[in-house]
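J.: One structure coming up, written as structure tokens, with questions to follow.
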Amino acid sequence: MKFFKLFFVLILALSIRCNAQFTISGIVKDSISYKPLVGVSIKINQLASLKDTANSYFNFGTVTNSLGKYDISVPAGLLKLTFSHIGYQSKTIELDINQNKVINISLNTNSSELNLLVVSASKFKQKIEEVTVSMDVIDYKLIESKNCITLTDLIRNVPSIQLIDGQLNIRSGSGWSYGTGSRVLVMVDEMPILSADQGEVDFNLIPMENIEQIEVIKGASSALYGSSALNGIINIKTKTPSFNPQTTVSSFIGFWDSPKDPRNKWWGDSLMLRNGISLSHSKKIKNLDLTISANHYNDRGYIKFINNQQTRISANSKLVKDKVTFGLNLNYMQRKSGLFVMWQSDTNAYIPLIGTNIPNNGNRFYIDPSITYYHNSFKHILRSRILSRNLFYNDNPNNKNNSLLSFNEYQNQFHDENTTITSGLTIVTLKGETNSFNSQFTKDGKITGINYSAYLQLDQKINKINFSIGGRYEYFDLNNTKFGQPVFRGGLNYEISNGWNLRSSFGQGFRFPTMTELYFKGDIGPINLYNNPDLIPESGWTSELGLKKVIKIRNFKGYVDLVGFLMEYNDMMEFTLGIWGPSEPSSYGLGFSSKNVNKARIPGLEFTINASGLVSDNWSLGLLFGVTYSNPHSVYPDSSFEDLVPLGIAQISLAEIALNESNPTKYTFSNTSSSLNNSTLKYRSKVNIRLDVESVYKNKLIIGLSYQYNSKMTNIDYAFVTGLFNENTLISTD
């Protein structure tokens with residue numbers, strides 16, 4: 001009996017020993033800066049038996065959280081731990097586990113690599129040379145040295161990007177759109193910063209003093225990011241504090257130079273000053289990251305009647321509790337400014353057309369709560385953004401323009417050394433309120449909408465090949481205008497040899513019409529705007545083939561990139577001048593309305609150099625250079641996209657002046673354009689060149705040069721080269 005009892009106890013003890021679970025934990029840091037490394041992949045291999053090395057391995061894995069910490073439960077036995085992170089040399093250690101252990105690791109950077117990491121391409125960190133799409137990256141050093149007050153000051157320097165009256169344009173993908181309906185999705189920390197009603201980018205709200213890096217994806221990206229990513233995305237990543245508290249205060253004062261044509265200097269001998277001050281403070285308080293910043297800016301400007309004044313404060317915070325990270329970001333801006341539609345004429349180019357100048361004041365803000373949970377190789381993110389804009393017009397305090405957007409996303413990501421699976425759900429609510437919404441479609445001037453989407457993407461690395469494939473389904477319900485759209489993307493990147501990468505990609509995109517395009521009806525001085533509730537979403541795709549070469553000359557690193565691309569838009573939306581209203585004085589129905597103007601195609605080539613680093617013991621050099629050639633054109637320029645309605649006598653005369661055709665009966669791309677035999681898309685430049693060179697001596701003296709060139713626009717609206725509004729041309733095409 002005693003024997004059986006002893007045997008039972010022994011078996012129980014062996015069972016407990018064999019099934020014992022122990023914890024391995026620790027922190028992974030950079031070996032030089034001692035900064036915790038986030039997202040380090042930890043792969044654990046264990047032999048089934050210490051005595052039987054022929055048995056197969058069991059695999060475990062995890063990643064470090066936002067404080068560089070990790071912990072994982074493992075069985076007892078002989079383990080092999082491999083720590084790997086992009087841009088760092090992998091490290092492997094072996095352990096015999098029979099108790100809980102703390103293993104802290106320091107990783108060395110891989111000096112033979114470029115180490116330029118991006119997130120936006122697939123929502124996780126990748127080397128820029130390994131992504132499957134065209135990307136450019138701008139870091140905070142360029143922002144600080146150029147004294148960029150708003151994103152528009154900086155983004156003009158990025159190859160292939162052009163700004164036309166605040167409208168972002170990548171590779172000639174967009175023209176002039178009256179500040180409505182951006183085809184480029186701008187995000188701050190991967191969440192949109194487009195207004196709910198107009199779909200416009202409020203560049204002034206972006207906290208420039210708190211930017212770590214700006215990532216630009218060129219081409220349709222709706223499979224991961226949804227509507228408005230038809231022409232690409234710009235993602236602004238904000239800074240995280242270092243171990244040492246840092247406080248920065250900067251101020252500036254300057255003035256606008258005289259224009260080349262002295263007739264445009266309406267301000268005489270006065271100085272058109274611009275000045276501002278900004279400050280930021282960041283620090284770590286145990287498990288809390290905290291960044292606070294503020295900015296005040298005043299620009300008298302070179303545009304008559306337009307004086308921009310703004311004050312902005314922001315705060316970013318992040319609290320880490322074991323495997324959970326809580327985040328809360330706030331940003332508030334008070335601003336006085338002015339809106340206008342067009343210049344008075346080409347000889348009074350900096351004076352708004354009479355009646356189109358609308359002074360306004362108001363506030364904008366966003367609030368971003370988030371929760372991130374790390375569990376082994378999985379990361380779960382739940383985040384939201386409440387984005388509000390409230391404008392009041394000085395000429396009529398009762399006339400307001402308010403919008404409210406809430407963006408809500410759940411994201412689940414599995415990530416190990418070679419495989420990443422990203423999935424997510426988003427719910428976006430939209431609300432707009434203005435007296436100018438067509439009362440036929442609104443109640444008390446209010447419009448609401450909701451947007452649902454789900455996405456899934458696989459990124460896989462196999463030896464020298466990286467490939468990604470993904471899809472998204474998006475559904476809109478805006479004031480009972482309903483639409484659903486699936487989109488897909490795929491890409492391949494192959495490392496030909498060390499430092500040479502060949503990539504190819506195809507991605508679909510779309511843009512749902514904005515509230516303004518669908519329902520806004522009113523006038524801005526002599527300019528009438530008509531709503532179009534029959535608009536359908538524009539869709540399209542981008543394909544490209546590119547070659548990237550990593551360059552490294554001692555400590556000077558970067559890349560050279562050559563790419564051929566082809567973009568196509570179906571049912572492209574464009575504000576078009578025509579007879580859209582009733583035959584009543586004073587406009588007789590003449591005005592602008594957003595229309596689907598058939599198909600557009602944009603082939604092109606792009607060459608880019610982006611490099612920086614030490615070129616001697618005392619001097620560092622930064623170089624950003626790009627040349628883009630595109631041929632944006634209408635595929636069916638003479639095809640009708642809408643017929644002229646029966647016209648009154650006065651309207652017939654107006655139609656013949658507004659349209660580039662005698663006795664017009666329909667609207668085409670050709671007869672609304674300034675050039676009959678030119679199918680080039682309106683307000684596009686076929687060639688643009690960007691150059692930014694910056695040299696720094698001992699981190700004390702900065703010498704820089706920026707150059708921007710856009711070729712002449714060869715096609716604009718026909719009305720702007722006639723005497724319909726003014727005897728002079730309203731918009732210069734230079």
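In the structure tokens, the first chain shown is A, the next is B, and so on; residue numbers restart at 1 for each chain, and ligands run from 1 in the order shown.
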So which residues touch Asn418 in chain A within 9 Å, counting only C-alpha atoms, skipping near sequence neighbours fewer than 4 positions away, as an MDAnalysis selection string?
T.: chainID A and resid 459:462 466
J.: Quick one: everything within 10 Å of Ser504 in chain A, counting only C-alpha atoms, minus sequence neighbours fewer than 3 positions away in the same chain. Send it as number ranges by chain.
T.: A: 131-134, 467, 490-494, 543-547, 563-565
J.: Using only C-alpha atoms, which of the listed residues (A:Gln246, A:Thr481, A:Ser497, A:Ser270) sits closest to Ser282 in chain A?
T.: A:Gln246
J.: Which residues come within 9 Å of range 657-660 of chain A, counting only C-alpha atoms, excluding same-chain residues fewer than 2 positions away, as a ChimeraX atom specification?
T.: /A:577-579,590,652-655,662,664,667,670-676,717-720,722-724
J.: Quick check for you: according to DSSP on this backbone, which residues of range 339-519 of chain A are classed as helix (DSSP H, G or I)? Reply as a PDB file with C-alpha atoms, in the first residue's frame.
T.:
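Writing done, so here's result.pdb:
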ATOM      1  CA  MET A 515     -22.248  66.869 -48.267  1.00  0.00           C
ATOM      2  CA  THR A 516     -21.234  70.082 -50.024  1.00  0.00           C
ATOM      3  CA  GLU A 517     -21.128  68.463 -53.462  1.00  0.00           C
ATOM      4  CA  LEU A 518     -24.461  66.725 -52.951  1.00  0.00           C
ATOM      5  CA  TYR A 519     -26.516  69.312 -51.086  1.00  0.00           C
TER       6      TYR A 519
END
J.: Please determine, counting only C-alpha atoms, which residue among A:Ile465, A:Met208, A:Leu230, A:Ile351 has the shortest atom-to-atom distance to Ser293 in chain A.
T.: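 When distances to Ser293 in chain A are compared using only C-alpha atoms, the smallest one comes from A:Met208.
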J.: Rounded to one decimal in Å, what is the spacing between CA of Gly338 in chain A and CA of Pro513 in chain A?
T.: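 Separation of CA of Gly338 in chain A and CA of Pro513 in chain A: 24.9 Å.
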J.: Closest to Val615 in chain A among A:Gln126, A:Gln413, A:Asn555, A:Gln162, using only C-alpha atoms?
T.: A:Asn555
J.: If we count only C-alpha atoms, what is near range 118-125 of chain A at a cut-off of 9 Å, once residues fewer than 5 positions away on the same chain are taken out, given as a ChimeraX atom specification?
T.: /A:39,86,131-135,137,190,215-217,221,224,233-235,413,415,420,422,457-459,468
J.: Go through A:Tyr225, A:Tyr683, A:Trp619, A:Phe488 and flag the residue nearest Lys700 in chain A, using only C-alpha atoms for the distances.
T.: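 Selected residue with least distance to Lys700 in chain A: A:Trp619.
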J.: Pick out the closest residue to Arg511 in chain A from this set: A:Ala76, A:Leu117, A:Leu185, A:Leu562. Count only C-alpha atoms.
T.: A:Leu185
J.: Point out the residue among A:Gln21, A:Asn100, A:Asn610, A:Gln651 with the least atom-to-atom distance to Arg690 in chain A, counting only C-alpha atoms.
T.: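 Looking only at the distances to Arg690 in chain A, the closest residue turns out to be A:Asn610.
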J.: Any idea what the distance is between CA of Asp30 in chain A and CA of Ile143 in chain A?
T.: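 Atom-to-atom, CA of Asp30 in chain A and CA of Ile143 in chain A are spaced 25.3 Å apart.
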J.: Give me the residues near Ala315 in chain A as a VMD selection string, where near means some atom within 10 Å (using only C-alpha atoms) and where sequence neighbours in that chain fewer than 2 positions away do not count.
T.: chain A and resid 207 210 280 to 282 290 to 294 313 317 328 to 332 367
J.: Excluding Arg274 in chain A and any residue of its chain fewer than 4 positions from it, enumerate the residues within 7 Å of it, using only C-alpha atoms, and give them as a ChimeraX atom specification.
T.: /A:253-255,298-300
J.: Write the selection just made, keeping all heavy atoms, as a CSV table (one decimal), in the first residue's frame?
T.:
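Done, and the output landed in out_21.csv:
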chain,number,residue,atom,x,y,z
A,253,ILE,N,9.9,86.0,-37.3
A,253,ILE,CA,9.2,87.2,-37.9
A,253,ILE,C,9.7,87.3,-39.3
A,253,ILE,O,10.9,87.1,-39.5
A,253,ILE,CB,9.4,88.5,-37.0
A,253,ILE,CG1,8.6,89.6,-37.6
A,253,ILE,CG2,10.9,88.8,-37.0
A,253,ILE,CD1,8.6,90.9,-36.8
A,254,GLY,N,8.8,87.6,-40.2
A,254,GLY,CA,9.3,87.8,-41.6
A,254,GLY,C,8.2,88.6,-42.3
A,254,GLY,O,7.3,89.1,-41.8
A,255,PHE,N,8.5,88.8,-43.6
A,255,PHE,CA,7.6,89.6,-44.4
A,255,PHE,C,7.5,89.0,-45.9
A,255,PHE,O,8.4,88.3,-46.3
A,255,PHE,CB,8.0,91.1,-44.5
A,255,PHE,CG,9.3,91.3,-45.2
A,255,PHE,CD1,9.4,91.6,-46.5
A,255,PHE,CD2,10.5,91.3,-44.4
A,255,PHE,CE1,10.6,91.8,-47.2
A,255,PHE,CE2,11.7,91.5,-45.0
A,255,PHE,CZ,11.8,91.8,-46.4
A,298,ASN,N,0.3,84.8,-36.7
A,298,ASN,CA,-0.4,85.9,-37.3
A,298,ASN,C,0.3,86.2,-38.6
A,298,ASN,O,1.5,86.4,-38.7
A,298,ASN,CB,-0.3,87.1,-36.3
A,298,ASN,CG,-1.0,88.3,-36.9
A,298,ASN,OD1,-2.0,88.2,-37.6
A,298,ASN,ND2,-0.6,89.5,-36.6
A,299,ASP,N,-0.6,86.2,-39.7
A,299,ASP,CA,-0.1,86.5,-41.0
A,299,ASP,C,-0.9,87.5,-41.7
A,299,ASP,O,-2.1,87.3,-42.0
A,299,ASP,CB,-0.1,85.2,-41.8
A,299,ASP,CG,0.5,85.3,-43.2
A,299,ASP,OD1,1.0,86.4,-43.5
A,299,ASP,OD2,0.4,84.3,-44.0
A,300,ARG,N,-0.3,88.7,-41.9
A,300,ARG,CA,-1.0,89.8,-42.5
A,300,ARG,C,-1.3,89.4,-44.0
A,300,ARG,O,-2.3,89.8,-44.6
A,300,ARG,CB,-0.2,91.1,-42.4
A,300,ARG,CG,-0.9,92.3,-43.1
A,300,ARG,CD,-2.2,92.6,-42.4
A,300,ARG,NE,-2.9,93.7,-43.1
A,300,ARG,CZ,-3.7,93.5,-44.1
A,300,ARG,NH1,-4.0,92.3,-44.6
A,300,ARG,NH2,-4.3,94.5,-44.7
